[in-house]
Amino acid sequence: MKCVADMGIALSTVHSLRQHGHDVRHLSEDGLQRLSDPLILEMARSEERLVITCDLDFADLLALDAYASPSVILLRLQNQTPTSVIPRLLHVLSECRAALTAGAIVTIEEARYRLRHLPIEPSAQ
């Protein structure tokens with residue numbers, strides 16, 4: 001899959017994803033460390049990439065504006081080391097491929113992941 005890795009994602013995680021056949025760009029490799037979250041979403045959308053991040057703001061931005069893309073994988077693990085992150089990330093990229101291609105937010109937690117399809121509709125009150 002085509003992905004962009006936010007600054008909180010280790011370069012070794014990016015390299016491992018590449019070894020498994022994924023097309024991954026890390027913001028730091030492109031000199032985009034200071035790019036704002038809305039601009040990262042815009043870039044990912046225009047390049048048809050999903051965003052891999054630890055930052056809750058991406059899901060909030062997608063929900064607030066009811067965007068259907070890009071997909072976001074949100075890592076919410078206590079252990080954020082590549083040894084812990086890589087197997088879970090590879091599992092989600094494989095198992096949720098169709099949803100991520102269509103537009104989704106996947107939150108990876110310690111014992112599970114949660115998938116929410118985009119766009120997120122406002123709740124009726």
# chains A, B, ... in the order shown; residues from 1 in each chain; ligands from 1
call {"tool": "residues_around", "arguments": {"residues": "Leu56 in chain A", "least_positions_apart": "2", "cutoff": "12 Å", "atoms": "only C-alpha atoms", "output": "short mmCIF file (atom, residue, chain, number, x, y, z; two decimals) with N, CA and C atoms, in the first residue's frame"}}
result
data_model
loop_
_atom_site.label_atom_id
_atom_site.label_comp_id
_atom_site.auth_asym_id
_atom_site.auth_seq_id
_atom_site.Cartn_x
_atom_site.Cartn_y
_atom_site.Cartn_z
N ASP A 6 4.05 9.73 9.58
CA ASP A 6 4.19 10.96 10.34
C ASP A 6 5.49 10.90 11.16
N GLY A 8 6.19 10.77 14.26
CA GLY A 8 6.28 9.87 15.41
C GLY A 8 6.57 8.42 15.04
N ASP A 37 -0.66 19.32 10.13
CA ASP A 37 -1.52 18.15 9.95
C ASP A 37 -2.49 18.31 8.78
N VAL A 51 -2.22 7.65 5.90
CA VAL A 51 -1.34 8.27 6.89
C VAL A 51 -1.17 7.30 8.05
N ILE A 52 0.08 7.07 8.44
CA ILE A 52 0.39 6.28 9.64
C ILE A 52 0.89 7.26 10.68
N THR A 53 0.25 7.28 11.85
CA THR A 53 0.56 8.30 12.84
C THR A 53 0.28 7.82 14.26
N CYS A 54 0.76 8.58 15.22
CA CYS A 54 0.42 8.41 16.64
C CYS A 54 -0.40 9.60 17.11
N PHE A 58 -5.27 13.78 13.47
CA PHE A 58 -5.65 13.40 12.12
C PHE A 58 -7.08 12.85 12.07
N ALA A 59 -7.41 11.97 12.99
CA ALA A 59 -8.77 11.42 13.03
C ALA A 59 -9.78 12.53 13.31
N ASP A 60 -9.43 13.44 14.20
CA ASP A 60 -10.33 14.56 14.51
C ASP A 60 -10.57 15.43 13.27
N LEU A 61 -9.52 15.74 12.53
CA LEU A 61 -9.66 16.56 11.33
C LEU A 61 -10.54 15.88 10.28
N LEU A 62 -10.36 14.58 10.10
CA LEU A 62 -11.18 13.85 9.14
C LEU A 62 -12.64 13.84 9.56
N ALA A 63 -12.88 13.65 10.85
CA ALA A 63 -14.25 13.60 11.36
C ALA A 63 -14.92 14.96 11.27
N VAL A 72 -6.41 6.67 7.65
CA VAL A 72 -5.43 6.91 8.69
C VAL A 72 -5.30 5.66 9.55
N ILE A 73 -4.07 5.28 9.83
CA ILE A 73 -3.80 4.25 10.83
C ILE A 73 -3.22 4.98 12.03
N LEU A 74 -3.92 4.85 13.14
CA LEU A 74 -3.56 5.54 14.38
C LEU A 74 -3.00 4.53 15.37
N LEU A 75 -1.74 4.69 15.73
CA LEU A 75 -1.08 3.79 16.68
C LEU A 75 -1.30 4.29 18.10
N ARG A 76 -1.96 3.48 18.93
CA ARG A 76 -2.22 3.83 20.33
C ARG A 76 -1.69 2.71 21.22
N ILE A 105 -10.49 4.87 9.22
CA ILE A 105 -9.55 5.14 10.31
C ILE A 105 -9.43 3.84 11.08
N VAL A 106 -8.20 3.35 11.21
CA VAL A 106 -7.96 2.14 11.98
C VAL A 106 -7.09 2.52 13.17
N THR A 107 -7.60 2.25 14.35
CA THR A 107 -6.86 2.52 15.59
C THR A 107 -6.30 1.21 16.10
#
call {"tool": "select_by_dssp", "arguments": {"residues": "range 14-124 of chain A", "states": "strand (DSSP E)", "output": "list in words"}}
result
Asp23, Val24, Arg25, His26, Leu50, Val51, Ile52, Thr53, Val72, Ile73, Leu74, Leu75, Ala104, Ile105, Val106, Thr107, Ile108, Tyr113, Arg114, Leu115, Arg116 and His117 of chain A
call {"tool": "residues_around", "arguments": {"residues": "Leu64 in chain A", "least_positions_apart": "3", "cutoff": "12 Å", "atoms": "only C-alpha atoms", "output": "PyMOL selection string"}}
result
chain A and resi 38+57-61+67-68+118-123
call {"tool": "select_by_dssp", "arguments": {"residues": "range 30-69 of chain A", "states": "alpha helix (DSSP H)", "output": "list in words"}}
result
Asp37, Pro38, Leu39, Ile40, Leu41, Glu42, Met43, Ala44, Arg45, Ser46, Asp57, Phe58, Ala59, Asp60, Leu61, Leu62, Ala63, Leu64 and Asp65 of chain A
call {"tool": "residues_around", "arguments": {"residues": "Leu17 in chain A", "least_positions_apart": "4", "cutoff": "9 Å", "atoms": "only C-alpha atoms", "output": "ChimeraX atom specification"}}
result
/A:12-13,21-24,86,89-90
call {"tool": "decode", "arguments": {"residues": "range 13-118 of chain A", "atoms": "C-alpha atoms", "output": "JSON list (two decimals), in the first residue's frame"}}
result
[["chain", "number", "residue", "atom", "x", "y", "z"],
["A", 13, "THR", "CA", 9.41, 0.85, 10.88],
["A", 14, "VAL", "CA", 9.27, 2.58, 7.49],
["A", 15, "HIS", "CA", 12.20, 0.49, 6.21],
["A", 16, "SER", "CA", 10.50, -2.71, 7.37],
["A", 17, "LEU", "CA", 7.25, -1.78, 5.64],
["A", 18, "ARG", "CA", 9.22, -1.18, 2.44],
["A", 19, "GLN", "CA", 10.84, -4.60, 2.77],
["A", 20, "HIS", "CA", 7.31, -6.03, 2.86],
["A", 21, "GLY", "CA", 6.43, -4.32, -0.42],
["A", 22, "HIS", "CA", 4.72, -1.14, 0.79],
["A", 23, "ASP", "CA", 5.43, 2.25, -0.81],
["A", 24, "VAL", "CA", 6.12, 4.37, 2.28],
["A", 25, "ARG", "CA", 7.37, 7.96, 2.54],
["A", 26, "HIS", "CA", 8.51, 9.38, 5.86],
["A", 27, "LEU", "CA", 8.02, 13.12, 6.29],
["A", 28, "SER", "CA", 11.60, 13.57, 7.50],
["A", 29, "GLU", "CA", 13.02, 11.96, 4.36],
["A", 30, "ASP", "CA", 11.30, 14.64, 2.28],
["A", 31, "GLY", "CA", 12.23, 17.54, 4.58],
["A", 32, "LEU", "CA", 8.59, 17.93, 5.61],
["A", 33, "GLN", "CA", 9.06, 17.66, 9.39],
["A", 34, "ARG", "CA", 7.21, 20.92, 10.01],
["A", 35, "LEU", "CA", 4.29, 20.31, 7.67],
["A", 36, "SER", "CA", 0.98, 20.96, 9.44],
["A", 37, "ASP", "CA", -1.52, 18.15, 9.95],
["A", 38, "PRO", "CA", -4.07, 19.58, 7.47],
["A", 39, "LEU", "CA", -1.33, 19.84, 4.81],
["A", 40, "ILE", "CA", -0.19, 16.28, 5.53],
["A", 41, "LEU", "CA", -3.77, 15.11, 4.95],
["A", 42, "GLU", "CA", -3.97, 17.13, 1.74],
["A", 43, "MET", "CA", -0.68, 15.67, 0.49],
["A", 44, "ALA", "CA", -1.75, 12.11, 1.37],
["A", 45, "ARG", "CA", -5.10, 12.63, -0.36],
["A", 46, "SER", "CA", -3.50, 14.02, -3.54],
["A", 47, "GLU", "CA", -0.96, 11.16, -3.66],
["A", 48, "GLU", "CA", -3.54, 8.51, -2.69],
["A", 49, "ARG", "CA", -1.55, 7.50, 0.39],
["A", 50, "LEU", "CA", -2.80, 6.56, 3.82],
["A", 51, "VAL", "CA", -1.34, 8.27, 6.89],
["A", 52, "ILE", "CA", 0.39, 6.28, 9.64],
["A", 53, "THR", "CA", 0.56, 8.30, 12.84],
["A", 54, "CYS", "CA", 0.42, 8.41, 16.64],
["A", 55, "ASP", "CA", -1.30, 11.81, 16.52],
["A", 56, "LEU", "CA", -5.01, 11.91, 17.41],
["A", 57, "ASP", "CA", -5.46, 15.17, 15.49],
["A", 58, "PHE", "CA", -5.65, 13.40, 12.12],
["A", 59, "ALA", "CA", -8.77, 11.42, 13.03],
["A", 60, "ASP", "CA", -10.33, 14.56, 14.51],
["A", 61, "LEU", "CA", -9.66, 16.56, 11.33],
["A", 62, "LEU", "CA", -11.18, 13.85, 9.14],
["A", 63, "ALA", "CA", -14.25, 13.60, 11.36],
["A", 64, "LEU", "CA", -14.81, 17.35, 11.65],
["A", 65, "ASP", "CA", -14.72, 17.89, 7.90],
["A", 66, "ALA", "CA", -16.47, 14.59, 7.01],
["A", 67, "TYR", "CA", -13.68, 13.63, 4.60],
["A", 68, "ALA", "CA", -13.81, 10.26, 2.86],
["A", 69, "SER", "CA", -10.01, 10.14, 2.47],
["A", 70, "PRO", "CA", -7.19, 9.70, 3.16],
["A", 71, "SER", "CA", -7.28, 6.66, 5.40],
["A", 72, "VAL", "CA", -5.43, 6.91, 8.69],
["A", 73, "ILE", "CA", -3.80, 4.25, 10.83],
["A", 74, "LEU", "CA", -3.56, 5.54, 14.38],
["A", 75, "LEU", "CA", -1.08, 3.79, 16.68],
["A", 76, "ARG", "CA", -2.22, 3.83, 20.33],
["A", 77, "LEU", "CA", 0.24, 1.34, 21.80],
["A", 78, "GLN", "CA", 1.99, 1.65, 25.13],
["A", 79, "ASN", "CA", 5.10, 0.13, 23.57],
["A", 80, "GLN", "CA", 5.83, 2.22, 20.46],
["A", 81, "THR", "CA", 9.10, 0.47, 19.60],
["A", 82, "PRO", "CA", 9.41, -0.90, 16.06],
["A", 83, "THR", "CA", 9.53, -4.45, 17.48],
["A", 84, "SER", "CA", 6.03, -3.96, 18.83],
["A", 85, "VAL", "CA", 4.64, -1.73, 16.08],
["A", 86, "ILE", "CA", 5.77, -3.54, 12.92],
["A", 87, "PRO", "CA", 3.91, -6.86, 13.33],
["A", 88, "ARG", "CA", 0.67, -5.12, 14.31],
["A", 89, "LEU", "CA", 0.98, -2.65, 11.46],
["A", 90, "LEU", "CA", 1.64, -5.39, 8.89],
["A", 91, "HIS", "CA", -1.35, -7.34, 10.20],
["A", 92, "VAL", "CA", -3.68, -4.33, 9.87],
["A", 93, "LEU", "CA", -2.35, -3.40, 6.42],
["A", 94, "SER", "CA", -3.12, -6.93, 5.26],
["A", 95, "GLU", "CA", -6.41, -7.55, 7.06],
["A", 96, "CYS", "CA", -7.94, -4.10, 6.50],
["A", 97, "ARG", "CA", -6.68, -3.54, 2.96],
["A", 98, "ALA", "CA", -10.12, -3.12, 1.37],
["A", 99, "ALA", "CA", -11.36, -0.72, 4.07],
["A", 100, "LEU", "CA", -8.14, 1.31, 3.94],
["A", 101, "THR", "CA", -8.42, 1.56, 0.16],
["A", 102, "ALA", "CA", -12.03, 2.75, 0.43],
["A", 103, "GLY", "CA", -11.41, 5.18, 3.32],
["A", 104, "ALA", "CA", -11.12, 4.31, 6.99],
["A", 105, "ILE", "CA", -9.55, 5.14, 10.31],
["A", 106, "VAL", "CA", -7.96, 2.14, 11.98],
["A", 107, "THR", "CA", -6.86, 2.52, 15.59],
["A", 108, "ILE", "CA", -4.31, -0.08, 16.67],
["A", 109, "GLU", "CA", -4.39, -0.80, 20.40],
["A", 110, "GLU", "CA", -2.59, -3.36, 22.56],
["A", 111, "ALA", "CA", -4.94, -6.30, 22.11],
["A", 112, "ARG", "CA", -7.10, -5.25, 19.16],
["A", 113, "TYR", "CA", -7.74, -2.75, 16.43],
["A", 114, "ARG", "CA", -10.86, -0.68, 15.76],
["A", 115, "LEU", "CA", -11.97, 0.19, 12.24],
["A", 116, "ARG", "CA", -14.20, 3.11, 11.38],
["A", 117, "HIS", "CA", -15.25, 3.78, 7.78],
["A", 118, "LEU", "CA", -14.99, 7.27, 6.31]]
